[in-house]
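Source file: my_file-v7.txt; contents: compact mmCIF, C-alpha atoms and all ligand atoms.
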# COMPACT_ATOMS: atom_id res chain seq x y z
CA SER A 1393 36.02 10.17 -3.03
CA ASN A 1394 35.90 6.65 -4.44
CA ILE A 1395 33.30 5.49 -1.99
CA PRO A 1396 30.31 4.21 -3.99
CA LYS A 1397 27.10 6.18 -3.58
CA ILE A 1398 23.87 4.28 -3.02
CA VAL A 1399 20.63 6.24 -3.34
CA ILE A 1400 17.35 4.71 -2.20
CA LEU A 1401 14.15 6.33 -3.47
CA GLY A 1402 11.16 5.85 -1.16
CA ALA A 1403 11.07 4.81 2.49
CA GLY A 1404 8.14 2.41 2.26
CA TYR A 1405 8.39 -1.32 2.91
CA GLY A 1406 11.02 -1.95 0.22
CA GLY A 1407 13.10 1.16 0.82
CA ILE A 1408 13.19 1.05 4.61
CA LEU A 1409 14.16 -2.63 4.64
CA THR A 1410 16.95 -1.95 2.14
CA ALA A 1411 18.24 0.93 4.25
CA LEU A 1412 18.08 -1.02 7.51
CA ARG A 1413 19.91 -3.98 6.02
CA LEU A 1414 22.60 -1.82 4.45
CA GLN A 1415 23.08 -0.06 7.74
CA LYS A 1416 23.67 -3.42 9.36
CA GLU A 1417 25.82 -5.09 6.72
CA LEU A 1418 28.05 -2.31 5.40
CA ASN A 1419 31.36 -1.58 7.07
CA TYR A 1420 32.48 1.93 7.91
CA ASN A 1421 33.26 3.91 4.71
CA GLU A 1422 32.27 1.08 2.38
CA ALA A 1423 29.48 3.13 0.80
CA ASP A 1424 27.57 6.39 1.17
CA VAL A 1425 23.90 5.62 1.59
CA THR A 1426 21.19 8.22 1.02
CA LEU A 1427 17.50 7.56 1.63
CA VAL A 1428 15.02 9.94 0.00
CA ASN A 1429 11.36 10.15 1.00
CA LYS A 1430 8.56 12.66 0.51
CA HIS A 1431 7.74 12.70 4.21
CA ASP A 1432 9.92 12.51 7.30
CA TYR A 1433 7.90 9.50 8.44
CA HIS A 1434 7.37 5.93 7.26
CA TYR A 1435 3.77 4.74 7.18
CA PHE A 1436 2.29 1.28 7.51
CA THR A 1437 0.30 1.05 4.30
CA THR A 1438 -1.12 -2.28 5.41
CA HIS A 1439 -2.78 -0.52 8.34
CA LEU A 1440 -4.27 2.42 6.43
CA HIS A 1441 -7.77 0.96 6.04
CA MET A 1442 -8.29 1.70 9.74
CA PRO A 1443 -7.47 5.43 9.85
CA ALA A 1444 -9.27 5.77 6.50
CA ALA A 1445 -12.49 4.47 8.05
CA GLY A 1446 -11.82 6.32 11.28
CA THR A 1447 -11.52 3.22 13.48
CA ASP A 1448 -7.97 4.27 14.38
CA LYS A 1449 -5.91 7.45 14.37
CA PRO A 1450 -3.60 8.20 11.41
CA GLU A 1451 -0.89 8.79 14.00
CA ASN A 1452 -0.82 5.08 14.85
CA ALA A 1453 -0.01 4.16 11.27
CA ARG A 1454 3.27 6.05 11.03
CA VAL A 1455 6.68 6.42 12.64
CA ASN A 1456 9.43 9.01 12.17
CA ILE A 1457 12.19 7.78 9.90
CA SER A 1458 14.77 9.21 12.30
CA LYS A 1459 13.52 6.66 14.85
CA LEU A 1460 14.23 3.78 12.46
CA ILE A 1461 17.57 4.55 10.85
CA ASP A 1462 20.94 5.48 12.24
CA GLU A 1463 21.63 8.92 10.81
CA PHE A 1464 25.35 8.49 11.38
CA LYS A 1465 25.25 5.71 8.80
CA ILE A 1466 22.49 6.79 6.43
CA ASP A 1467 21.75 10.27 5.12
CA PHE A 1468 18.06 10.90 5.15
CA VAL A 1469 16.78 13.50 2.68
CA LYS A 1470 13.18 14.62 3.03
CA SER A 1471 12.23 15.60 -0.48
CA THR A 1472 10.08 14.64 -3.45
CA VAL A 1473 11.70 12.95 -6.42
CA VAL A 1474 10.62 14.67 -9.63
CA GLN A 1475 12.83 12.91 -12.18
CA ILE A 1476 15.07 9.87 -12.48
CA ARG A 1477 17.90 10.40 -15.00
CA PRO A 1478 19.61 7.04 -15.62
CA GLN A 1479 21.57 8.47 -18.56
CA ASP A 1480 23.67 10.65 -16.24
CA LYS A 1481 23.04 8.75 -12.99
CA LYS A 1482 21.22 11.62 -11.36
CA ILE A 1483 18.05 12.10 -9.38
CA ILE A 1484 16.26 15.41 -9.63
CA LEU A 1485 14.51 16.39 -6.41
CA GLU A 1486 12.04 19.23 -5.99
CA ASP A 1487 14.83 21.14 -4.26
CA GLY A 1488 18.12 19.69 -5.46
CA THR A 1489 20.01 16.96 -7.27
CA LEU A 1490 21.63 13.71 -6.16
CA SER A 1491 24.06 11.55 -8.07
CA TYR A 1492 24.41 7.83 -7.56
CA ASP A 1493 26.47 4.81 -8.44
CA TYR A 1494 23.77 2.41 -7.31
CA LEU A 1495 20.07 3.24 -7.33
CA VAL A 1496 17.17 1.55 -5.54
CA ILE A 1497 13.71 2.54 -6.77
CA SER A 1498 11.00 1.79 -4.23
CA LEU A 1499 8.55 4.62 -4.70
CA GLY A 1500 5.40 2.55 -4.26
CA GLY A 1501 2.40 2.28 -6.52
CA GLU A 1502 -0.17 4.70 -7.83
CA PRO A 1503 -3.88 4.13 -8.35
CA GLU A 1504 -4.72 2.58 -11.72
CA THR A 1505 -8.09 3.80 -12.99
CA PHE A 1506 -8.05 1.81 -16.27
CA GLY A 1507 -9.21 4.90 -18.11
CA ILE A 1508 -12.65 4.84 -16.44
CA PRO A 1509 -14.03 8.32 -17.13
CA GLY A 1510 -14.16 10.63 -14.13
CA LEU A 1511 -12.67 8.14 -11.70
CA ALA A 1512 -9.36 9.92 -11.15
CA GLU A 1513 -11.13 13.25 -10.59
CA ASN A 1514 -14.03 12.09 -8.43
CA SER A 1515 -12.70 9.31 -6.23
CA MET A 1516 -10.37 9.05 -3.26
CA ASN A 1517 -7.64 6.48 -2.63
CA ILE A 1518 -6.23 4.71 0.40
CA ARG A 1519 -2.55 5.32 -0.27
CA SER A 1520 -0.90 7.53 2.32
CA ILE A 1521 -1.40 9.28 5.64
CA ASN A 1522 -2.59 12.40 3.83
CA SER A 1523 -5.06 10.50 1.67
CA VAL A 1524 -6.60 8.63 4.61
CA ARG A 1525 -6.93 11.78 6.69
CA LEU A 1526 -8.96 13.20 3.84
CA ILE A 1527 -11.19 10.10 3.56
CA ARG A 1528 -11.78 10.00 7.30
CA GLU A 1529 -12.78 13.68 7.48
CA HIS A 1530 -14.84 13.42 4.31
CA ILE A 1531 -16.90 10.51 5.64
CA GLU A 1532 -17.61 12.26 8.89
CA TYR A 1533 -18.53 15.47 7.08
CA GLN A 1534 -21.17 13.61 5.03
CA PHE A 1535 -23.03 12.77 8.23
CA ALA A 1536 -22.95 16.40 9.32
CA ARG A 1537 -24.17 17.54 5.89
CA TYR A 1538 -26.98 15.01 5.88
CA LYS A 1539 -28.40 16.49 9.08
CA ARG A 1540 -28.77 19.84 7.31
CA GLU A 1541 -30.11 18.36 4.04
CA PRO A 1542 -32.07 15.25 5.04
CA HIS A 1543 -33.33 14.61 1.50
CA ARG A 1544 -29.73 13.92 0.39
CA LEU A 1545 -29.41 10.19 0.95
CA ASP A 1546 -26.39 10.22 -1.36
CA TYR A 1547 -24.47 11.71 1.57
CA LEU A 1548 -25.08 8.46 3.44
CA THR A 1549 -24.16 6.22 0.51
CA PHE A 1550 -20.55 5.01 0.43
CA ILE A 1551 -19.12 3.36 -2.65
CA VAL A 1552 -15.97 1.30 -2.60
CA GLY A 1553 -14.70 0.35 -6.03
CA GLY A 1554 -12.74 -2.88 -6.02
CA ALA A 1555 -13.10 -5.95 -3.81
CA GLY A 1556 -9.42 -6.86 -3.61
CA PHE A 1557 -7.61 -6.90 -0.28
CA THR A 1558 -7.70 -3.15 0.22
CA GLY A 1559 -11.38 -2.81 -0.69
CA ILE A 1560 -12.41 -5.72 1.51
CA GLU A 1561 -10.36 -4.56 4.51
CA PHE A 1562 -11.75 -1.06 4.14
CA VAL A 1563 -15.45 -2.04 3.96
CA GLY A 1564 -14.84 -4.22 7.03
CA GLU A 1565 -13.63 -1.18 8.97
CA LEU A 1566 -16.23 1.16 7.52
CA SER A 1567 -19.07 -1.11 8.57
CA ASP A 1568 -17.63 -1.01 12.12
CA ARG A 1569 -17.42 2.76 12.03
CA ILE A 1570 -20.90 3.52 10.67
CA PRO A 1571 -22.83 2.64 13.86
CA GLU A 1572 -20.58 5.02 15.85
CA LEU A 1573 -21.13 7.82 13.37
CA CYS A 1574 -24.89 7.18 13.32
CA LYS A 1575 -24.97 7.47 17.07
CA PHE A 1576 -22.85 10.60 17.14
CA TYR A 1577 -24.86 12.36 14.41
CA ASP A 1578 -28.32 10.97 15.31
CA VAL A 1579 -28.72 9.21 11.99
CA ASP A 1580 -30.89 6.13 11.46
CA PRO A 1581 -28.41 3.33 10.55
CA ALA A 1582 -30.95 1.89 8.10
CA LEU A 1583 -30.39 4.91 5.86
CA VAL A 1584 -26.67 4.27 5.42
CA LYS A 1585 -25.53 2.16 2.46
CA ILE A 1586 -22.11 0.68 1.75
CA TYR A 1587 -21.60 -0.71 -1.75
CA ASN A 1588 -18.60 -2.75 -2.73
CA ILE A 1589 -18.47 -2.91 -6.52
CA GLU A 1590 -16.16 -5.33 -8.30
CA ALA A 1591 -15.82 -6.08 -12.00
CA ALA A 1592 -14.50 -9.62 -11.47
CA PRO A 1593 -17.10 -12.33 -10.78
CA THR A 1594 -15.87 -12.79 -7.18
CA ALA A 1595 -14.46 -10.75 -4.34
CA LEU A 1596 -10.74 -11.29 -3.60
CA PRO A 1597 -10.10 -12.84 -7.04
CA GLY A 1598 -7.65 -15.72 -6.87
CA PHE A 1599 -8.00 -16.25 -3.12
CA ASP A 1600 -9.27 -19.45 -1.51
CA PRO A 1601 -13.02 -19.68 -2.44
CA GLU A 1602 -14.09 -21.01 0.96
CA LEU A 1603 -12.44 -18.06 2.73
CA VAL A 1604 -13.89 -15.63 0.21
CA GLU A 1605 -17.35 -16.97 0.95
CA TYR A 1606 -16.74 -16.57 4.68
CA ALA A 1607 -15.63 -12.96 4.15
CA MET A 1608 -18.64 -12.10 2.00
CA ASP A 1609 -20.92 -13.62 4.60
CA VAL A 1610 -19.38 -11.64 7.49
CA LEU A 1611 -19.40 -8.38 5.55
CA THR A 1612 -22.92 -8.82 4.19
CA LYS A 1613 -24.16 -9.33 7.75
CA LYS A 1614 -22.37 -6.13 8.72
CA GLY A 1615 -24.35 -4.27 6.09
CA VAL A 1616 -22.14 -4.28 2.99
CA THR A 1617 -23.93 -4.70 -0.35
CA PHE A 1618 -21.74 -6.46 -2.89
CA ARG A 1619 -22.15 -5.86 -6.60
CA LEU A 1620 -19.84 -8.42 -8.16
CA GLY A 1621 -19.27 -8.95 -11.86
CA THR A 1622 -20.21 -5.30 -12.20
CA ALA A 1623 -17.88 -2.77 -13.75
CA ILE A 1624 -17.87 0.90 -12.85
CA LYS A 1625 -18.45 2.59 -16.22
CA GLU A 1626 -18.14 6.16 -15.10
CA CYS A 1627 -17.65 8.19 -11.98
CA THR A 1628 -19.05 11.69 -11.61
CA SER A 1629 -19.36 14.19 -8.80
CA GLU A 1630 -22.79 12.64 -8.18
CA GLY A 1631 -21.83 8.99 -7.94
CA VAL A 1632 -21.15 6.09 -10.28
CA VAL A 1633 -22.66 4.52 -13.36
CA ILE A 1634 -22.38 0.74 -13.28
CA GLY A 1635 -23.17 -2.32 -15.38
CA GLU A 1636 -25.76 -1.50 -18.05
CA GLY A 1637 -26.16 2.13 -17.08
CA GLU A 1638 -27.57 1.91 -13.56
CA GLU A 1639 -26.68 4.96 -11.50
CA ILE A 1640 -25.84 4.92 -7.80
CA LYS A 1641 -25.86 8.36 -6.29
CA SER A 1642 -23.14 8.91 -3.75
CA ALA A 1643 -20.99 11.72 -2.41
CA THR A 1644 -18.20 9.29 -1.52
CA VAL A 1645 -16.37 7.02 -3.96
CA ILE A 1646 -13.24 5.27 -2.77
CA TRP A 1647 -11.30 3.51 -5.48
CA THR A 1648 -9.22 0.48 -4.51
CA GLY A 1649 -9.60 -1.38 -7.80
CA GLY A 1650 -6.11 -1.12 -9.21
CA ILE A 1651 -2.48 -0.32 -8.58
CA ARG A 1652 0.21 0.55 -11.10
CA GLY A 1653 3.86 1.48 -10.79
CA ASN A 1654 5.13 4.99 -10.25
CA ARG A 1655 4.97 7.23 -13.34
CA LEU A 1656 8.50 8.50 -12.75
CA ILE A 1657 9.77 5.08 -13.85
CA GLU A 1658 8.29 5.13 -17.33
CA GLU A 1659 9.15 8.81 -17.65
CA ALA A 1660 12.77 7.78 -17.01
CA GLY A 1661 12.60 5.59 -20.12
CA PHE A 1662 12.54 2.16 -18.44
CA GLU A 1663 10.44 -0.51 -20.06
CA THR A 1664 7.36 -1.16 -17.93
CA MET A 1665 4.05 -3.02 -17.78
CA ARG A 1666 1.48 -0.80 -16.06
CA GLY A 1667 4.36 1.22 -14.69
CA ARG A 1668 6.19 -1.80 -13.27
CA VAL A 1669 9.62 -3.00 -14.24
CA LYS A 1670 10.01 -6.71 -14.94
CA VAL A 1671 13.17 -7.09 -12.89
CA ASP A 1672 15.89 -9.69 -13.47
CA GLU A 1673 16.53 -12.55 -11.04
CA TYR A 1674 18.68 -10.23 -8.88
CA LEU A 1675 15.95 -7.53 -8.77
CA ARG A 1676 17.78 -5.27 -11.19
CA CYS A 1677 16.31 -3.33 -14.03
CA PRO A 1678 17.11 -5.40 -17.17
CA GLY A 1679 20.12 -4.10 -19.03
CA THR A 1680 21.59 -2.31 -16.02
CA GLU A 1681 23.92 -3.54 -13.32
CA HIS A 1682 23.32 -0.84 -10.79
CA ILE A 1683 19.59 -0.08 -10.71
CA TYR A 1684 17.32 -2.13 -8.46
CA VAL A 1685 13.54 -1.86 -8.53
CA LEU A 1686 11.43 -3.08 -5.61
CA GLY A 1687 7.92 -3.43 -4.24
CA ASP A 1688 4.90 -2.12 -6.11
CA ASN A 1689 7.22 -0.79 -8.82
CA SER A 1690 8.56 -4.21 -9.71
CA LEU A 1691 7.14 -7.24 -11.42
CA VAL A 1692 8.28 -10.69 -10.29
CA PHE A 1693 6.97 -13.86 -11.89
CA ASN A 1694 6.30 -17.20 -10.21
CA GLU A 1695 7.24 -20.59 -11.62
CA GLU A 1696 4.04 -20.75 -13.67
CA GLY A 1697 4.97 -17.46 -15.28
CA ARG A 1698 2.31 -15.45 -13.50
CA PRO A 1699 3.15 -12.19 -11.74
CA TYR A 1700 3.03 -12.16 -7.95
CA PRO A 1701 0.60 -9.59 -6.57
CA PRO A 1702 2.33 -6.52 -5.14
CA THR A 1703 2.40 -6.84 -1.36
CA ALA A 1704 4.27 -5.48 1.62
CA GLN A 1705 5.54 -8.99 2.22
CA MET A 1706 7.07 -9.05 -1.26
CA ALA A 1707 8.55 -5.54 -0.90
CA MET A 1708 10.17 -6.45 2.44
CA GLN A 1709 11.78 -9.62 1.15
CA GLN A 1710 13.01 -7.73 -1.88
CA GLY A 1711 14.50 -5.02 0.33
CA VAL A 1712 16.54 -7.61 2.23
CA ALA A 1713 17.69 -9.30 -0.99
CA CYS A 1714 18.51 -5.99 -2.66
CA ALA A 1715 20.68 -4.83 0.26
CA HIS A 1716 22.48 -8.14 0.18
CA ASN A 1717 23.18 -7.82 -3.54
CA LEU A 1718 24.31 -4.21 -3.20
CA VAL A 1719 26.84 -5.20 -0.57
CA ALA A 1720 27.98 -8.11 -2.75
CA SER A 1721 28.38 -5.79 -5.77
CA ILE A 1722 30.48 -3.36 -3.80
CA ARG A 1723 32.67 -6.20 -2.55
CA ASN A 1724 32.91 -7.75 -6.01
CA GLN A 1725 31.22 -10.89 -4.79
CA SER A 1726 28.61 -12.82 -6.73
CA LEU A 1727 24.94 -11.86 -6.44
CA THR A 1728 22.17 -14.04 -5.01
CA LYS A 1729 19.01 -14.80 -6.94
CA PHE A 1730 15.82 -13.52 -5.39
CA GLU A 1731 13.18 -16.06 -4.47
CA PHE A 1732 9.89 -15.02 -2.93
CA SER A 1733 8.77 -17.13 -0.02
CA ASN A 1734 5.07 -16.73 0.67
CA LYS A 1735 4.52 -16.66 4.43
CA GLY A 1736 0.77 -16.42 4.08
CA THR A 1737 -1.93 -13.81 3.64
CA VAL A 1738 -4.43 -12.45 6.11
CA ALA A 1739 -7.20 -9.96 5.34
CA SER A 1740 -8.97 -8.16 8.13
CA LEU A 1741 -12.78 -7.88 8.04
CA GLY A 1742 -13.08 -5.40 10.88
CA LYS A 1743 -12.84 -5.81 14.61
CA GLY A 1744 -12.14 -9.39 15.67
CA GLU A 1745 -12.82 -10.78 12.21
CA ALA A 1746 -10.45 -11.83 9.44
CA ILE A 1747 -9.61 -14.56 6.98
CA GLY A 1748 -6.18 -15.97 6.33
CA LEU A 1749 -4.03 -18.61 4.72
CA ALA A 1750 -0.83 -19.36 6.59
CA PHE A 1751 1.39 -22.35 7.35
CA GLY A 1752 -0.69 -24.25 4.77
CA LYS A 1753 -3.87 -23.80 6.80
CA LYS A 1754 -7.03 -21.72 6.61
CA TYR A 1755 -7.97 -19.38 9.43
CA THR A 1756 -11.15 -17.39 10.09
CA GLY A 1757 -12.63 -15.19 12.80
CA ARG A 1758 -10.71 -14.36 15.97
CA LYS A 1759 -7.84 -16.69 15.16
CA ALA A 1760 -7.26 -15.00 11.83
CA ALA A 1761 -7.61 -11.54 13.41
CA TRP A 1762 -5.00 -12.56 15.96
CA LEU A 1763 -2.72 -13.77 13.18
CA LYS A 1764 -3.05 -10.38 11.49
CA LYS A 1765 -1.98 -8.69 14.71
CA LEU A 1766 0.99 -11.01 14.96
CA ILE A 1767 2.09 -10.14 11.41
CA ASP A 1768 1.82 -6.42 12.16
CA ILE A 1769 3.74 -6.74 15.41
CA ARG A 1770 6.42 -8.79 13.69
CA TYR A 1771 6.82 -5.98 11.18
CA LEU A 1772 7.18 -3.36 13.92
CA PHE A 1773 9.81 -5.55 15.52
CA ILE A 1774 11.75 -5.99 12.26
CA ILE A 1775 11.96 -2.28 11.55
CA GLY A 1776 12.03 -0.76 15.02
CA GLY A 1777 12.71 -3.52 17.56
CA ILE A 1778 11.00 -3.78 20.95
CA PRO A 1779 10.65 0.01 21.46
CA LEU A 1780 8.47 0.35 18.36
CA VAL A 1781 6.41 -2.70 19.30
CA LEU A 1782 5.74 -1.13 22.70
CA LYS A 1783 4.93 2.24 21.20
CA LYS A 1784 2.63 1.20 18.33
CA GLY A 1785 1.85 -2.48 18.89
CA LYS A 1786 -1.02 -1.87 21.27
CA PHE A 1787 -2.99 -0.01 18.61
CA LEU A 1788 -2.95 -2.77 16.01
P1 LIG B 1 5.24 1.99 -0.27
O1 LIG B 1 5.18 1.23 0.99
O2 LIG B 1 4.00 2.53 -0.85
O3 LIG B 1 6.31 3.14 -0.11
C1 LIG B 1 6.61 4.11 -1.07
C2 LIG B 1 7.26 5.29 -0.40
O4 LIG B 1 7.73 6.19 -1.38
C3 LIG B 1 6.32 6.09 0.50
O5 LIG B 1 6.94 6.36 1.72
C4 LIG B 1 6.07 7.38 -0.28
O6 LIG B 1 5.82 8.49 0.55
C5 LIG B 1 7.38 7.53 -1.04
N1 LIG B 1 7.26 8.28 -2.29
C6 LIG B 1 6.35 8.12 -3.29
N2 LIG B 1 6.58 8.96 -4.29
C7 LIG B 1 7.65 9.69 -3.94
C8 LIG B 1 8.40 10.73 -4.57
N3 LIG B 1 8.08 11.18 -5.79
N4 LIG B 1 9.45 11.26 -3.92
C9 LIG B 1 9.80 10.80 -2.68
N5 LIG B 1 9.15 9.82 -2.04
C10 LIG B 1 8.08 9.27 -2.65
N6 LIG B 1 0.40 -6.01 1.67
C11 LIG B 1 0.62 -7.11 2.42
O7 LIG B 1 1.61 -7.82 2.22
N7 LIG B 1 -0.24 -7.48 3.43
C12 LIG B 1 -1.33 -6.74 3.74
O8 LIG B 1 -2.08 -7.09 4.66
C13 LIG B 1 -1.59 -5.56 2.97
N8 LIG B 1 -2.65 -4.79 3.27
C14 LIG B 1 -2.81 -3.61 2.61
C15 LIG B 1 -3.87 -2.78 2.99
C16 LIG B 1 -4.07 -1.56 2.38
C17 LIG B 1 -5.19 -0.66 2.86
C18 LIG B 1 -3.21 -1.18 1.29
C19 LIG B 1 -3.40 0.15 0.59
C20 LIG B 1 -2.17 -2.01 0.89
C21 LIG B 1 -1.96 -3.23 1.53
N9 LIG B 1 -0.90 -4.09 1.16
C22 LIG B 1 -0.68 -5.22 1.91
C23 LIG B 1 0.01 -3.75 0.04
C24 LIG B 1 1.27 -3.07 0.53
O9 LIG B 1 0.94 -1.99 1.36
C25 LIG B 1 2.15 -2.56 -0.63
O10 LIG B 1 2.38 -3.62 -1.53
C26 LIG B 1 3.49 -2.02 -0.10
O11 LIG B 1 3.26 -0.84 0.62
C27 LIG B 1 4.49 -1.75 -1.22
O12 LIG B 1 5.70 -1.28 -0.67
P2 LIG B 1 6.63 -0.30 -1.47
O13 LIG B 1 7.92 -0.21 -0.72
O14 LIG B 1 6.69 -0.69 -2.90
O15 LIG B 1 5.90 1.10 -1.47
Spit out the file's structure as structure tokens when you get a sec.
Ligand code: FAD
Amino acid sequence: SNIPKIVILGAGYGGILTALRLQKELNYNEADVTLVNKHDYHYFTTHLHMPAAGTDKPENARVNISKLIDEFKIDFVKSTVVQIRPQDKKIILEDGTLSYDYLVISLGGEPETFGIPGLAENSMNIRSINSVRLIREHIEYQFARYKREPHRLDYLTFIVGGAGFTGIEFVGELSDRIPELCKFYDVDPALVKIYNIEAAPTALPGFDPELVEYAMDVLTKKGVTFRLGTAIKECTSEGVVIGEGEEIKSATVIWTGGIRGNRLIEEAGFETMRGRVKVDEYLRCPGTEHIYVLGDNSLVFNEEGRPYPPTAQMAMQQGVACAHNLVASIRNQSLTKFEFSNKGTVASLGKGEAIGLAFGKKYTGRKAAWLKKLIDIRYLFIIGGIPLVLKKGKFL
């Protein structure tokens, strides 16, 4: 048939928003839309610090894709992409092949370890439902092990590499979780150590200094030890080596210090910077008219020529813009330039505590925590309407 085929890779923030918008805007038989994702569920990456620490269930951070999309309008394929072949407009899946006329790449990021020896092999990452289930079980297991080998204080030492948003949100949750675990396993809380190690001279580099100070203060009081301006030199099965060779023994290293684009993109031959494609003003891969790249896989620059950090907020706005441009392309209408509109940023610091910048104002404490909840509920509403808000909203 002559109906154009649109294939969307990844059902994260960018991919799901693209699919939902296409579903709404396209007329019957205007295009065939296929959405490919590794899992049959969509997960809320921005919520994963909670199930990772064990302060919430992994179940509350995901929703079945079939509940979000209309399968009469969009074909959902549960599969893993193994190769992108732009030269013949094909996608190789682990169990088949798809061809496309228009492609949307929104496969999300991968941990960037900056070549630090042993880090990839010996650390865990907060990236997916599967990865946070592992972290949650691992942490709990360390308490159980400690009770059998009480000389092993490294079991009670938790290292978080990176004090960006993910690292900060995670140590906030972990410090809430530790007292519960201590109680459950009869462990003296004074023996438990949480280190947050960051190479940059401050936590949350680039964020409002006053709010950063507030966050550090809250987290330090909750028992987090910050080691700022300190690079992790090496990670082994026994812990990390930092700064000038100091060793911290730990059975748990969680790396949140860097994100890069998906390796499939550079393997496909696209030009990238740390795996990200510097997209054109319409979100297309430069030199192509039919390949869009979104979210953590894309690089968008602000007016000062600096790249925006990869966020869910960015991926969502890109998804909406990409769908709009796809529809315009199919209808031979002119494309619209993408412009990011920053609605604000809120970082949680654990139960009832957060910091945020929104509507040109600074927020801390309960107000900021409430704002975070509002953002999360708004997202549930955008992708799943009132039913999803009722189903998952109460857990946020
Ligand atoms: P993702 O949402 O990561 O989606 C990628 C999808 O592709 C996934 O469904 C994955 O399963 C699928 N996939 C991957 N590889 C394959 C493959 N080979 N084949 C098939 N499918 C595949 N951002 C904010 O704006 N605000 C926040 O408060 C915030 N908090 C965060 C907290 C944490 C703990 C973390 C980890 C991130 C946070 N972020 C936040 C960042 C945000 O989550 C990401 O920027 C966002 O998820 C990027 O969206 P995406 O669509 O590019 O990719």
Where does segment 1673-1710 of chain A meet segment 1471-1485 of chain A within 12 Å, residue by residue, with the nearest atom pair and distance in Å to one decimal for each, counting all atoms listed in the file, listed by chain and rising number, as CSV?
residue,atom,partner,partner_atom,distance
A:Cys1677,CA,A:Pro1478,CA,11.0
A:Gly1679,CA,A:Pro1478,CA,11.7
A:Thr1680,CA,A:Pro1478,CA,9.6
A:Glu1681,CA,A:Pro1478,CA,11.7
A:His1682,CA,A:Lys1481,CA,9.8
A:Ile1683,CA,A:Pro1478,CA,8.6
A:Tyr1684,CA,A:Pro1478,CA,11.9
Throw together the list of residues within 6 Å of ligand LIG 1 (chain B), counting only C-alpha atoms and all ligand atoms, and drop it here as a PyMOL selection string. chain A and resi 1402-1407+1428-1431+1434+1437-1441+1471-1474+1498-1501+1518-1519+1558+1686-1689+1702-1705+1707+1739
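If only C-alpha atoms are the atoms counted, then among A:Glu1636, A:Asp1600, A:Leu1548, A:Gln1415 the closest residue to Tyr1755 of chain A is A:Asp1600.
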By how many Å are atom CA of Val1584 of chain A and atom CA of Ile1651 of chain A apart?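 Atom CA of Val1584 of chain A sits 28.3 Å away from atom CA of Ile1651 of chain A.
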Go through A:Ile1497, A:Tyr1538, A:Asp1768, A:Thr1505 and flag the residue nearest Arg1666 of chain A, using all atoms listed in the file for the distances. A:Thr1505
Can you tell me how far atom CA of Gly1446 of chain A sits from atom CA of Ser1458 of chain A, in Å to one decimal? 26.8 Å
List as JSON lines every residue of segment 1614-1673 of chain A that is in contact with segment 1713-1732 of chain A, defined as an atom at most 12 Å from one of its atoms (using all atoms listed in the file), together with the nearest atom pair and the distance in Å rounded to one decimal, sorted by chain and then rising number.
{"residue": "A:Val1671", "atom": "CA", "partner": "A:Phe1730", "partner_atom": "CA", "distance": 10.2}
{"residue": "A:Asp1672", "atom": "CA", "partner": "A:Lys1729", "partner_atom": "CA", "distance": 8.9}
{"residue": "A:Glu1673", "atom": "CA", "partner": "A:Lys1729", "partner_atom": "CA", "distance": 5.3}
Please provide the set of residues having any atom within 10 Å of Gly1748 of chain A, restricted to all atoms listed in the file, with same-chain residues fewer than 2 positions apart removed, written as number ranges by chain. A: 1599-1600, 1603-1604, 1736-1740, 1746, 1750-1751, 1753-1757, 1759-1761, 1763-1764
Selection from above, C-alpha atoms, as a PDB file, keeping the file's coordinate frame, can you write it?
ATOM      1  CA  PHE A1599      -8.000 -16.250  -3.120  1.00  0.00           C
ATOM      2  CA  ASP A1600      -9.270 -19.450  -1.510  1.00  0.00           C
ATOM      3  CA  LEU A1603     -12.440 -18.060   2.730  1.00  0.00           C
ATOM      4  CA  VAL A1604     -13.890 -15.630   0.210  1.00  0.00           C
ATOM      5  CA  GLY A1736       0.770 -16.420   4.080  1.00  0.00           C
ATOM      6  CA  THR A1737      -1.930 -13.810   3.640  1.00  0.00           C
ATOM      7  CA  VAL A1738      -4.430 -12.450   6.110  1.00  0.00           C
ATOM      8  CA  ALA A1739      -7.200  -9.960   5.340  1.00  0.00           C
ATOM      9  CA  SER A1740      -8.970  -8.160   8.130  1.00  0.00           C
ATOM     10  CA  ALA A1746     -10.450 -11.830   9.440  1.00  0.00           C
ATOM     11  CA  ALA A1750      -0.830 -19.360   6.590  1.00  0.00           C
ATOM     12  CA  PHE A1751       1.390 -22.350   7.350  1.00  0.00           C
ATOM     13  CA  LYS A1753      -3.870 -23.800   6.800  1.00  0.00           C
ATOM     14  CA  LYS A1754      -7.030 -21.720   6.610  1.00  0.00           C
ATOM     15  CA  TYR A1755      -7.970 -19.380   9.430  1.00  0.00           C
ATOM     16  CA  THR A1756     -11.150 -17.390  10.090  1.00  0.00           C
ATOM     17  CA  GLY A1757     -12.630 -15.190  12.800  1.00  0.00           C
ATOM     18  CA  LYS A1759      -7.840 -16.690  15.160  1.00  0.00           C
ATOM     19  CA  ALA A1760      -7.260 -15.000  11.830  1.00  0.00           C
ATOM     20  CA  ALA A1761      -7.610 -11.540  13.410  1.00  0.00           C
ATOM     21  CA  LEU A1763      -2.720 -13.770  13.180  1.00  0.00           C
ATOM     22  CA  LYS A1764      -3.050 -10.380  11.490  1.00  0.00           C
TER      23      LYS A1764
END
Residue with the minimum atom-to-atom distance to Met1608 of chain A, picked from A:Thr1628, A:Val1524, A:Glu1572, A:Ile1560 with all atoms listed in the file counted, is A:Ile1560
May I ask which of the residues A:Lys1539, A:Arg1569, A:Lys1670, A:Arg1525 is the closest one to Ile1657 of chain A, counting all atoms listed in the file? A:Lys1670
